[in-house]
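What follows is run.cif (mmCIF, C-alpha atoms and all ligand atoms; chains and numbers go by the auth columns).
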```cif
data_final
loop_
_atom_site.group_PDB
_atom_site.id
_atom_site.type_symbol
_atom_site.label_atom_id
_atom_site.label_comp_id
_atom_site.label_asym_id
_atom_site.label_seq_id
_atom_site.Cartn_x
_atom_site.Cartn_y
_atom_site.Cartn_z
_atom_site.B_iso_or_equiv
_atom_site.auth_seq_id
_atom_site.auth_asym_id
ATOM 1 C CA MET A 1 -0.702 -16.717 -29.097 0.00 1 K
ATOM 2 C CA SER A 2 -1.598 -14.749 -32.207 0.00 2 K
ATOM 3 C CA THR A 3 0.645 -11.855 -33.095 0.00 3 K
ATOM 4 C CA GLU A 4 -1.691 -10.595 -35.844 0.00 4 K
ATOM 5 C CA PRO A 5 -1.976 -6.817 -35.621 0.00 5 K
ATOM 6 C CA SER A 6 -5.791 -7.179 -35.874 0.00 6 K
ATOM 7 C CA SER A 7 -5.794 -9.046 -32.555 0.00 7 K
ATOM 8 C CA SER A 8 -3.804 -6.422 -30.703 0.00 8 K
ATOM 9 C CA PRO A 9 -5.752 -3.931 -28.663 0.00 9 K
ATOM 10 C CA PRO A 10 -6.354 -0.571 -30.307 0.00 10 K
ATOM 11 C CA PRO A 11 -3.789 2.062 -29.383 0.00 11 K
ATOM 12 C CA SER A 12 -4.685 4.191 -26.401 0.00 12 K
ATOM 13 C CA GLU A 13 -5.700 7.819 -26.803 0.00 13 K
ATOM 14 C CA PHE A 14 -2.237 8.727 -25.612 0.00 14 K
ATOM 15 C CA VAL A 15 -0.473 6.569 -28.211 0.00 15 K
ATOM 16 C CA ARG A 16 -2.779 7.889 -30.963 0.00 16 K
ATOM 17 C CA LEU A 17 -1.925 11.436 -29.962 0.00 17 K
ATOM 18 C CA LEU A 18 1.752 10.539 -29.818 0.00 18 K
ATOM 19 C CA ARG A 19 1.609 9.177 -33.369 0.00 19 K
ATOM 20 C CA THR A 20 0.098 12.387 -34.731 0.00 20 K
ATOM 21 C CA GLN A 21 3.146 14.352 -33.654 0.00 21 K
ATOM 22 C CA ARG A 22 5.751 15.278 -36.231 0.00 22 K
ATOM 23 C CA VAL A 23 9.293 16.590 -36.115 0.00 23 K
ATOM 24 C CA TRP A 24 10.523 19.352 -38.415 0.00 24 K
ATOM 25 C CA ASP A 25 7.265 20.199 -40.165 0.00 25 K
ATOM 26 C CA THR A 26 9.160 23.172 -41.430 0.00 26 K
ATOM 27 C CA GLU A 27 11.794 24.366 -43.911 0.00 27 K
ATOM 28 C CA LEU A 28 15.157 23.213 -42.567 0.00 28 K
ATOM 29 C CA PRO A 29 18.414 25.023 -43.227 0.00 29 K
ATOM 30 C CA GLY A 30 21.260 23.226 -44.980 0.00 30 K
ATOM 31 C CA PHE A 31 24.590 22.540 -43.337 0.00 31 K
ATOM 32 C CA THR A 32 27.800 21.962 -45.281 0.00 32 K
ATOM 33 C CA PRO A 33 30.338 20.493 -42.877 0.00 33 K
ATOM 34 C CA ASP A 34 33.224 21.101 -45.334 0.00 34 K
ATOM 35 C CA THR A 35 32.994 24.799 -44.610 0.00 35 K
ATOM 36 C CA ALA A 36 32.740 24.346 -40.830 0.00 36 K
ATOM 37 C CA PRO A 37 35.413 26.080 -38.735 0.00 37 K
ATOM 38 C CA ALA A 38 38.373 24.131 -37.347 0.00 38 K
ATOM 39 C CA GLU A 39 37.080 24.516 -33.761 0.00 39 K
ATOM 40 C CA PRO A 40 33.593 24.005 -32.350 0.00 40 K
ATOM 41 C CA LEU A 41 33.142 27.273 -30.442 0.00 41 K
ATOM 42 C CA PRO A 42 32.722 29.586 -33.481 0.00 42 K
ATOM 43 C CA LEU A 43 30.224 27.146 -34.979 0.00 43 K
ATOM 44 C CA PHE A 44 28.300 27.021 -31.694 0.00 44 K
ATOM 45 C CA GLU A 45 28.188 30.830 -31.608 0.00 45 K
ATOM 46 C CA GLN A 46 27.040 30.929 -35.237 0.00 46 K
ATOM 47 C CA TRP A 47 24.299 28.331 -34.707 0.00 47 K
ATOM 48 C CA PHE A 48 23.187 30.079 -31.504 0.00 48 K
ATOM 49 C CA ALA A 49 22.827 33.414 -33.349 0.00 49 K
ATOM 50 C CA GLU A 50 20.959 31.646 -36.152 0.00 50 K
ATOM 51 C CA ALA A 51 18.620 29.986 -33.633 0.00 51 K
ATOM 52 C CA VAL A 52 17.815 33.391 -32.112 0.00 52 K
ATOM 53 C CA ALA A 53 17.284 34.903 -35.585 0.00 53 K
ATOM 54 C CA ALA A 54 15.007 31.992 -36.553 0.00 54 K
ATOM 55 C CA GLY A 55 12.793 32.715 -33.544 0.00 55 K
ATOM 56 C CA GLN A 56 13.745 29.635 -31.542 0.00 56 K
ATOM 57 C CA THR A 57 12.298 30.053 -28.037 0.00 57 K
ATOM 58 C CA GLU A 58 14.732 29.782 -25.123 0.00 58 K
ATOM 59 C CA PRO A 59 17.761 28.689 -27.168 0.00 59 K
ATOM 60 C CA HIS A 60 19.901 29.333 -24.074 0.00 60 K
ATOM 61 C CA THR A 61 18.333 26.452 -22.144 0.00 61 K
ATOM 62 C CA MET A 62 19.969 23.044 -22.321 0.00 62 K
ATOM 63 C CA SER A 63 19.839 19.571 -20.834 0.00 63 K
ATOM 64 C CA LEU A 64 22.620 18.948 -18.345 0.00 64 K
ATOM 65 C CA ALA A 65 23.433 15.284 -17.804 0.00 65 K
ATOM 66 C CA THR A 66 25.490 14.182 -14.833 0.00 66 K
ATOM 67 C CA ALA A 67 26.053 10.856 -13.100 0.00 67 K
ATOM 68 C CA ASP A 68 25.817 9.951 -9.440 0.00 68 K
ATOM 69 C CA GLU A 69 28.489 8.161 -7.437 0.00 69 K
ATOM 70 C CA GLU A 70 27.304 4.769 -8.717 0.00 70 K
ATOM 71 C CA GLY A 71 27.473 6.022 -12.308 0.00 71 K
ATOM 72 C CA ARG A 72 23.704 6.241 -12.725 0.00 72 K
ATOM 73 C CA PRO A 73 22.766 9.029 -15.142 0.00 73 K
ATOM 74 C CA ASP A 74 20.648 12.037 -14.305 0.00 74 K
ATOM 75 C CA VAL A 75 19.435 14.976 -16.361 0.00 75 K
ATOM 76 C CA ARG A 76 17.681 18.327 -16.009 0.00 76 K
ATOM 77 C CA ILE A 77 17.405 21.668 -17.799 0.00 77 K
ATOM 78 C CA VAL A 78 19.673 24.582 -16.882 0.00 78 K
ATOM 79 C CA MET A 79 20.546 27.882 -18.510 0.00 79 K
ATOM 80 C CA LEU A 80 23.689 28.561 -20.457 0.00 80 K
ATOM 81 C CA HIS A 81 25.588 31.462 -18.883 0.00 81 K
ATOM 82 C CA GLY A 82 28.377 31.666 -21.442 0.00 82 K
ATOM 83 C CA ALA A 83 30.636 29.787 -23.816 0.00 83 K
ATOM 84 C CA ASP A 84 34.260 30.743 -24.398 0.00 84 K
ATOM 85 C CA GLU A 85 37.757 29.275 -24.705 0.00 85 K
ATOM 86 C CA GLU A 86 37.412 27.764 -21.202 0.00 86 K
ATOM 87 C CA GLY A 87 34.184 25.983 -21.979 0.00 87 K
ATOM 88 C CA TRP A 88 30.433 26.108 -21.541 0.00 88 K
ATOM 89 C CA HIS A 89 29.319 27.894 -18.324 0.00 89 K
ATOM 90 C CA PHE A 90 26.251 27.189 -16.235 0.00 90 K
ATOM 91 C CA ALA A 91 25.315 27.926 -12.627 0.00 91 K
ATOM 92 C CA SER A 92 23.586 26.141 -9.802 0.00 92 K
ATOM 93 C CA HIS A 93 23.766 25.375 -6.098 0.00 93 K
ATOM 94 C CA ALA A 94 26.762 23.332 -4.958 0.00 94 K
ATOM 95 C CA GLY A 95 24.518 21.455 -2.489 0.00 95 K
ATOM 96 C CA SER A 96 21.887 20.503 -5.071 0.00 96 K
ATOM 97 C CA ARG A 97 21.665 16.985 -6.416 0.00 97 K
ATOM 98 C CA LYS A 98 23.604 17.946 -9.551 0.00 98 K
ATOM 99 C CA GLY A 99 26.129 19.852 -7.425 0.00 99 K
ATOM 100 C CA ARG A 100 26.771 16.777 -5.293 0.00 100 K
ATOM 101 C CA GLN A 101 26.993 14.592 -8.391 0.00 101 K
ATOM 102 C CA LEU A 102 29.488 16.932 -10.009 0.00 102 K
ATOM 103 C CA ALA A 103 31.584 16.999 -6.832 0.00 103 K
ATOM 104 C CA ALA A 104 31.746 13.186 -6.903 0.00 104 K
ATOM 105 C CA ARG A 105 32.139 12.822 -10.691 0.00 105 K
ATOM 106 C CA PRO A 106 33.239 16.014 -12.396 0.00 106 K
ATOM 107 C CA TYR A 107 32.085 15.085 -15.902 0.00 107 K
ATOM 108 C CA ALA A 108 28.911 16.126 -17.677 0.00 108 K
ATOM 109 C CA ALA A 109 27.160 16.364 -21.012 0.00 109 K
ATOM 110 C CA LEU A 110 25.018 19.163 -22.405 0.00 110 K
ATOM 111 C CA GLY A 111 22.281 18.860 -24.994 0.00 111 K
ATOM 112 C CA PHE A 112 20.757 21.721 -26.970 0.00 112 K
ATOM 113 C CA TYR A 113 17.741 21.167 -29.214 0.00 113 K
ATOM 114 C CA TRP A 114 16.530 23.891 -31.541 0.00 114 K
ATOM 115 C CA PRO A 115 13.530 22.374 -33.357 0.00 115 K
ATOM 116 C CA VAL A 116 12.825 25.469 -35.475 0.00 116 K
ATOM 117 C CA GLN A 117 15.915 24.502 -37.508 0.00 117 K
ATOM 118 C CA GLY A 118 16.067 20.774 -36.684 0.00 118 K
ATOM 119 C CA ARG A 119 19.371 21.290 -34.911 0.00 119 K
ATOM 120 C CA GLN A 120 20.915 19.517 -31.952 0.00 120 K
ATOM 121 C CA ILE A 121 24.262 20.154 -30.282 0.00 121 K
ATOM 122 C CA ARG A 122 25.931 17.821 -27.786 0.00 122 K
ATOM 123 C CA VAL A 123 28.870 18.788 -25.595 0.00 123 K
ATOM 124 C CA ARG A 124 30.818 16.440 -23.280 0.00 124 K
ATOM 125 C CA GLY A 125 33.720 17.019 -20.977 0.00 125 K
ATOM 126 C CA ARG A 126 35.206 17.633 -17.567 0.00 126 K
ATOM 127 C CA VAL A 127 33.561 20.147 -15.263 0.00 127 K
ATOM 128 C CA THR A 128 35.422 22.538 -12.976 0.00 128 K
ATOM 129 C CA VAL A 129 34.155 25.067 -10.457 0.00 129 K
ATOM 130 C CA ALA A 130 34.835 28.736 -11.230 0.00 130 K
ATOM 131 C CA PRO A 131 36.259 30.913 -8.389 0.00 131 K
ATOM 132 C CA PRO A 132 33.580 32.233 -5.945 0.00 132 K
ATOM 133 C CA GLU A 133 34.047 35.808 -7.177 0.00 133 K
ATOM 134 C CA VAL A 134 33.029 34.661 -10.666 0.00 134 K
ATOM 135 C CA ALA A 135 29.812 33.161 -9.265 0.00 135 K
ATOM 136 C CA HIS A 136 29.169 36.356 -7.263 0.00 136 K
ATOM 137 C CA ALA A 137 29.658 38.577 -10.330 0.00 137 K
ATOM 138 C CA ASP A 138 27.575 36.271 -12.519 0.00 138 K
ATOM 139 C CA LEU A 139 24.676 36.281 -10.072 0.00 139 K
ATOM 140 C CA HIS A 140 24.728 40.006 -9.465 0.00 140 K
ATOM 141 C CA ALA A 141 24.708 40.768 -13.172 0.00 141 K
ATOM 142 C CA ARG A 142 21.333 39.012 -13.355 0.00 142 K
ATOM 143 C CA SER A 143 17.805 39.956 -12.258 0.00 143 K
ATOM 144 C CA THR A 144 16.497 40.520 -8.729 0.00 144 K
ATOM 145 C CA GLY A 145 14.440 37.359 -9.230 0.00 145 K
ATOM 146 C CA ALA A 146 17.574 35.354 -10.007 0.00 146 K
ATOM 147 C CA LEU A 147 19.244 36.694 -6.843 0.00 147 K
ATOM 148 C CA ALA A 148 16.123 35.997 -4.747 0.00 148 K
ATOM 149 C CA SER A 149 15.944 32.474 -6.100 0.00 149 K
ATOM 150 C CA ALA A 150 19.632 31.885 -5.327 0.00 150 K
ATOM 151 C CA LEU A 151 19.169 33.304 -1.799 0.00 151 K
ATOM 152 C CA VAL A 152 16.379 30.817 -1.098 0.00 152 K
ATOM 153 C CA GLY A 153 18.932 28.035 -1.572 0.00 153 K
ATOM 154 C CA ARG A 154 18.294 24.487 -0.262 0.00 154 K
ATOM 155 C CA GLN A 155 17.842 23.307 -3.871 0.00 155 K
ATOM 156 C CA SER A 156 16.920 19.607 -4.156 0.00 156 K
ATOM 157 C CA GLU A 157 16.225 19.236 -0.397 0.00 157 K
ATOM 158 C CA VAL A 158 12.844 17.784 0.554 0.00 158 K
ATOM 159 C CA LEU A 159 10.292 20.594 0.977 0.00 159 K
ATOM 160 C CA GLY A 160 7.965 20.250 3.962 0.00 160 K
ATOM 161 C CA SER A 161 5.158 22.408 2.574 0.00 161 K
ATOM 162 C CA SER A 162 4.478 25.093 -0.012 0.00 162 K
ATOM 163 C CA GLU A 163 3.970 27.612 2.834 0.00 163 K
ATOM 164 C CA GLU A 164 7.553 27.003 3.897 0.00 164 K
ATOM 165 C CA LEU A 165 8.752 27.878 0.394 0.00 165 K
ATOM 166 C CA GLU A 166 6.502 30.924 0.247 0.00 166 K
ATOM 167 C CA ARG A 167 7.950 32.291 3.500 0.00 167 K
ATOM 168 C CA ALA A 168 11.556 31.640 2.432 0.00 168 K
ATOM 169 C CA SER A 169 10.940 33.135 -1.022 0.00 169 K
ATOM 170 C CA GLU A 170 9.282 36.288 0.353 0.00 170 K
ATOM 171 C CA ALA A 171 12.202 36.821 2.732 0.00 171 K
ATOM 172 C CA ALA A 172 14.671 36.231 -0.104 0.00 172 K
ATOM 173 C CA TRP A 173 12.889 38.706 -2.406 0.00 173 K
ATOM 174 C CA ARG A 174 12.922 41.353 0.377 0.00 174 K
ATOM 175 C CA ARG A 175 16.609 40.786 0.951 0.00 175 K
ATOM 176 C CA ALA A 176 17.433 40.836 -2.772 0.00 176 K
ATOM 177 C CA GLN A 177 15.660 44.190 -3.117 0.00 177 K
ATOM 178 C CA GLU A 178 17.213 45.757 0.008 0.00 178 K
ATOM 179 C CA GLU A 179 20.682 44.290 -0.441 0.00 179 K
ATOM 180 C CA PRO A 180 21.368 43.822 -4.173 0.00 180 K
ATOM 181 C CA GLY A 181 24.958 42.710 -3.408 0.00 181 K
ATOM 182 C CA ALA A 182 23.880 39.979 -0.938 0.00 182 K
ATOM 183 C CA PRO A 183 26.078 36.884 -1.162 0.00 183 K
ATOM 184 C CA ALA A 184 24.559 33.517 -2.042 0.00 184 K
ATOM 185 C CA PRO A 185 27.420 31.262 -0.919 0.00 185 K
ATOM 186 C CA SER A 186 26.157 28.009 -2.437 0.00 186 K
ATOM 187 C CA TRP A 187 25.583 29.589 -5.877 0.00 187 K
ATOM 188 C CA THR A 188 28.312 28.172 -8.089 0.00 188 K
ATOM 189 C CA VAL A 189 29.425 28.692 -11.656 0.00 189 K
ATOM 190 C CA TYR A 190 30.530 25.479 -13.363 0.00 190 K
ATOM 191 C CA VAL A 191 32.610 25.312 -16.518 0.00 191 K
ATOM 192 C CA LEU A 192 32.435 22.292 -18.794 0.00 192 K
ATOM 193 C CA ALA A 193 35.656 22.083 -20.838 0.00 193 K
ATOM 194 C CA PRO A 194 34.640 20.133 -23.946 0.00 194 K
ATOM 195 C CA ASP A 195 36.428 17.031 -25.212 0.00 195 K
ATOM 196 C CA GLU A 196 33.686 16.390 -27.776 0.00 196 K
ATOM 197 C CA VAL A 197 31.154 18.637 -29.459 0.00 197 K
ATOM 198 C CA GLU A 198 28.691 17.302 -32.016 0.00 198 K
ATOM 199 C CA PHE A 199 26.536 19.337 -34.393 0.00 199 K
ATOM 200 C CA PHE A 200 23.455 17.650 -35.836 0.00 200 K
ATOM 201 C CA GLN A 201 21.458 19.118 -38.694 0.00 201 K
ATOM 202 C CA GLY A 202 18.162 17.359 -39.325 0.00 202 K
ATOM 203 C CA ASP A 203 17.248 16.563 -42.939 0.00 203 K
ATOM 204 C CA PRO A 204 13.709 15.888 -44.228 0.00 204 K
ATOM 205 C CA HIS A 205 14.965 12.721 -46.010 0.00 205 K
ATOM 206 C CA ARG A 206 16.587 11.569 -42.768 0.00 206 K
ATOM 207 C CA ARG A 207 20.043 12.094 -44.233 0.00 207 K
ATOM 208 C CA HIS A 208 20.933 14.059 -41.158 0.00 208 K
ATOM 209 C CA VAL A 209 24.355 15.643 -41.004 0.00 209 K
ATOM 210 C CA ARG A 210 26.399 14.889 -37.896 0.00 210 K
ATOM 211 C CA LEU A 211 29.701 16.676 -37.488 0.00 211 K
ATOM 212 C CA ALA A 212 31.727 15.644 -34.428 0.00 212 K
ATOM 213 C CA TYR A 213 34.717 17.543 -33.057 0.00 213 K
ATOM 214 C CA HIS A 214 37.163 15.692 -30.778 0.00 214 K
ATOM 215 C CA ARG A 215 39.821 17.492 -28.845 0.00 215 K
ATOM 216 C CA THR A 216 43.317 16.156 -29.410 0.00 216 K
ATOM 217 C CA LYS A 217 46.422 17.280 -27.469 0.00 217 K
ATOM 218 C CA SER A 218 46.917 20.480 -29.426 0.00 218 K
ATOM 219 C CA THR A 219 43.942 20.913 -31.706 0.00 219 K
ATOM 220 C CA TRP A 220 40.517 19.615 -32.752 0.00 220 K
ATOM 221 C CA HIS A 221 39.847 16.643 -35.005 0.00 221 K
ATOM 222 C CA ARG A 222 36.642 16.623 -37.084 0.00 222 K
ATOM 223 C CA GLU A 223 34.696 13.695 -38.482 0.00 223 K
ATOM 224 C CA LEU A 224 31.264 12.932 -39.882 0.00 224 K
ATOM 225 C CA LEU A 225 29.048 10.323 -38.215 0.00 225 K
ATOM 226 C CA TRP A 226 26.363 8.106 -39.684 0.00 226 K
ATOM 227 C CA PRO A 227 22.994 9.459 -38.640 0.00 227 K
HETATM 228 C C1 LIG B . 13.989 26.521 -18.408 0.00 1 S
HETATM 229 C C2 LIG B . 14.659 26.097 -17.123 0.00 1 S
HETATM 230 C C3 LIG B . 15.855 26.700 -16.749 0.00 1 S
HETATM 231 C C4 LIG B . 16.491 26.303 -15.560 0.00 1 S
HETATM 232 N N1 LIG B . 17.696 26.866 -15.247 0.00 1 S
HETATM 233 C C5 LIG B . 18.345 26.444 -14.134 0.00 1 S
HETATM 234 C C6 LIG B . 19.652 26.918 -13.856 0.00 1 S
HETATM 235 O O1 LIG B . 20.267 27.701 -14.611 0.00 1 S
HETATM 236 N N2 LIG B . 20.252 26.489 -12.712 0.00 1 S
HETATM 237 C C7 LIG B . 19.633 25.621 -11.861 0.00 1 S
HETATM 238 O O2 LIG B . 20.220 25.278 -10.837 0.00 1 S
HETATM 239 N N3 LIG B . 18.415 25.121 -12.120 0.00 1 S
HETATM 240 C C8 LIG B . 17.753 25.507 -13.241 0.00 1 S
HETATM 241 N N4 LIG B . 16.519 24.983 -13.534 0.00 1 S
HETATM 242 C C9 LIG B . 15.935 23.986 -12.604 0.00 1 S
HETATM 243 C C10 LIG B . 16.547 22.617 -12.887 0.00 1 S
HETATM 244 O O3 LIG B . 15.963 22.038 -14.052 0.00 1 S
HETATM 245 C C11 LIG B . 16.393 21.633 -11.704 0.00 1 S
HETATM 246 O O4 LIG B . 15.014 21.494 -11.377 0.00 1 S
HETATM 247 C C12 LIG B . 17.147 22.096 -10.469 0.00 1 S
HETATM 248 O O5 LIG B . 18.392 22.655 -10.814 0.00 1 S
HETATM 249 C C13 LIG B . 17.371 20.910 -9.516 0.00 1 S
HETATM 250 O O6 LIG B . 18.102 19.908 -10.174 0.00 1 S
HETATM 251 P P1 LIG B . 18.913 18.776 -9.362 0.00 1 S
HETATM 252 O O7 LIG B . 17.991 18.293 -8.281 0.00 1 S
HETATM 253 O O8 LIG B . 19.239 17.733 -10.357 0.00 1 S
HETATM 254 O O9 LIG B . 20.158 19.433 -8.790 0.00 1 S
HETATM 255 C C14 LIG B . 15.886 25.338 -14.721 0.00 1 S
HETATM 256 C C15 LIG B . 14.682 24.732 -15.111 0.00 1 S
HETATM 257 C C16 LIG B . 14.094 25.099 -16.302 0.00 1 S
HETATM 258 C C17 LIG B . 12.818 24.410 -16.721 0.00 1 S
#
```

In structure tokens, how does this file's structure come out?
Ligand SMILES: Cc1cc2nc3c(=O)[nH]c(=O)nc-3n(C[C@H](O)[C@H](O)[C@H](O)COP(=O)(O)O)c2cc1C
Amino acid sequence: MSTEPSSSPPPSEFVRLLRTQRVWDTELPGFTPDTAPAEPLPLFEQWFAEAVAAGQTEPHTMSLATADEEGRPDVRIVMLHGADEEGWHFASHAGSRKGRQLAARPYAALGFYWPVQGRQIRVRGRVTVAPPEVAHADLHARSTGALASALVGRQSEVLGSSEELERASEAAWRRAQEEPGAPAPSWTVYVLAPDEVEFFQGDPHRRHVRLAYHRTKSTWHRELLWP
């Protein structure tokens, strides 16, 4: 069989479109790892502030990767609720698919991508559940919509019909408005305590900078990685 390119079928419209896409068609910032702080959290905070200042949309959203009981990976987007000495905080329903996965295997990875600056951050580590009062306070510091959404619950269950959701959502919105302190028992704050945090700065010549932090017993170890 001929493997000449001329004999291969022309690329589909989809593949043609795919090939027209570019990454980092923009001025990228530099990153000098020698001046990076000894710990990853201050650098994360700095890059986050720079992403906001650069006009990056939704820099507080991230991919959350978990694994099921068989070790099969899974991923979805969630919002970052905080990052501090304890770790990176996010919230969800304990009974959701991710909640069940985290109960079975309490390890996860987070991925941030801020294309405006060609930056990616990866965080890996063990996940613990914050006390219920933390989840309650976190939820009630947020919008009525966030409370209504949490009150609907049943996340990741099979939905019978959109009317069913509409009814549950309307009831939840009413309750959230009438009872702003209403508890949403399954709403859970998770804290990922990082063992590894990697900062990636894209470079137009593909000489990307990758700075990886690894937690040791008492401190953090830093090293560069080939891109
Ligand atoms: C921008 C964005 C932000 C989201 N934030 C959250 C969140 O903070 N918590 C959450 O449970 N789901 C959030 N979701 C929905 C999740 O991506 C996912 O659909 C849901 O949590 C169910 O995931 P699971 O079935 O793997 O548990 C968000 C989705 C998007 C697109």

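The nearest approach to ligand LIG 1 (chain S) among the residues K:Glu133, K:Asp74, K:Glu170, K:Asp84, with all atoms listed in the file taken into account, belongs to K:Asp74.
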
Just want the 8 Å neighbourhood of Arg222 (chain K), counted on all atoms listed in the file, with same-chain residues fewer than 4 positions away dropped. Output as a ChimeraX atom specification. /K:38,211-214

What would the selection look like, as an mmCIF file with C-alpha atoms, in the coordinates of the input, if the PyMOL selection byres (((chain K and resi 181-194) around 6) and not hetatm) were run on the coordinates I just shared?
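Output saved as out_23.cif:
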```cif
data_model
loop_
_atom_site.group_PDB
_atom_site.id
_atom_site.type_symbol
_atom_site.label_atom_id
_atom_site.label_comp_id
_atom_site.auth_asym_id
_atom_site.auth_seq_id
_atom_site.Cartn_x
_atom_site.Cartn_y
_atom_site.Cartn_z
ATOM 1 C CA GLU K 86 37.412 27.764 -21.202
ATOM 2 C CA GLY K 87 34.184 25.983 -21.979
ATOM 3 C CA TRP K 88 30.433 26.108 -21.541
ATOM 4 C CA HIS K 89 29.319 27.894 -18.324
ATOM 5 C CA PHE K 90 26.251 27.189 -16.235
ATOM 6 C CA ALA K 91 25.315 27.926 -12.627
ATOM 7 C CA SER K 92 23.586 26.141 -9.802
ATOM 8 C CA HIS K 93 23.766 25.375 -6.098
ATOM 9 C CA ALA K 94 26.762 23.332 -4.958
ATOM 10 C CA ARG K 124 30.818 16.440 -23.280
ATOM 11 C CA GLY K 125 33.720 17.019 -20.977
ATOM 12 C CA ARG K 126 35.206 17.633 -17.567
ATOM 13 C CA VAL K 127 33.561 20.147 -15.263
ATOM 14 C CA THR K 128 35.422 22.538 -12.976
ATOM 15 C CA VAL K 129 34.155 25.067 -10.457
ATOM 16 C CA ALA K 130 34.835 28.736 -11.230
ATOM 17 C CA ALA K 135 29.812 33.161 -9.265
ATOM 18 C CA LEU K 151 19.169 33.304 -1.799
ATOM 19 C CA GLU K 179 20.682 44.290 -0.441
ATOM 20 C CA PRO K 180 21.368 43.822 -4.173
ATOM 21 C CA ASP K 195 36.428 17.031 -25.212
ATOM 22 C CA GLU K 196 33.686 16.390 -27.776
#
```

Target residues per the PyMOL selection byres (((not hetatm)) within 12 of (chain S and resi 1)), formatted as a count of residues only: 57

Need the shell around Gln56 (chain K): protein/DNA/RNA residues with any atom at most 8 Å away, counting only C-alpha atoms. Skip same-chain ones fewer than 6 positions apart. Format as a PyMOL selection string? chain K and resi 114-116

What would the selection look like, as JSON, numbers by chain, if the PyMOL selection byres (((chain K and resi 226) around 12) and not hetatm) were run on the coordinates I just shared? {"K": [200, 206, 207, 208, 209, 210, 211, 212, 223, 224, 225, 227]}

Contacts of Arg122 (chain K) at 6 Å (all atoms listed in the file; same-chain gap of 4+ positions) as a PyMOL selection string: chain K and resi 110-111+197-198
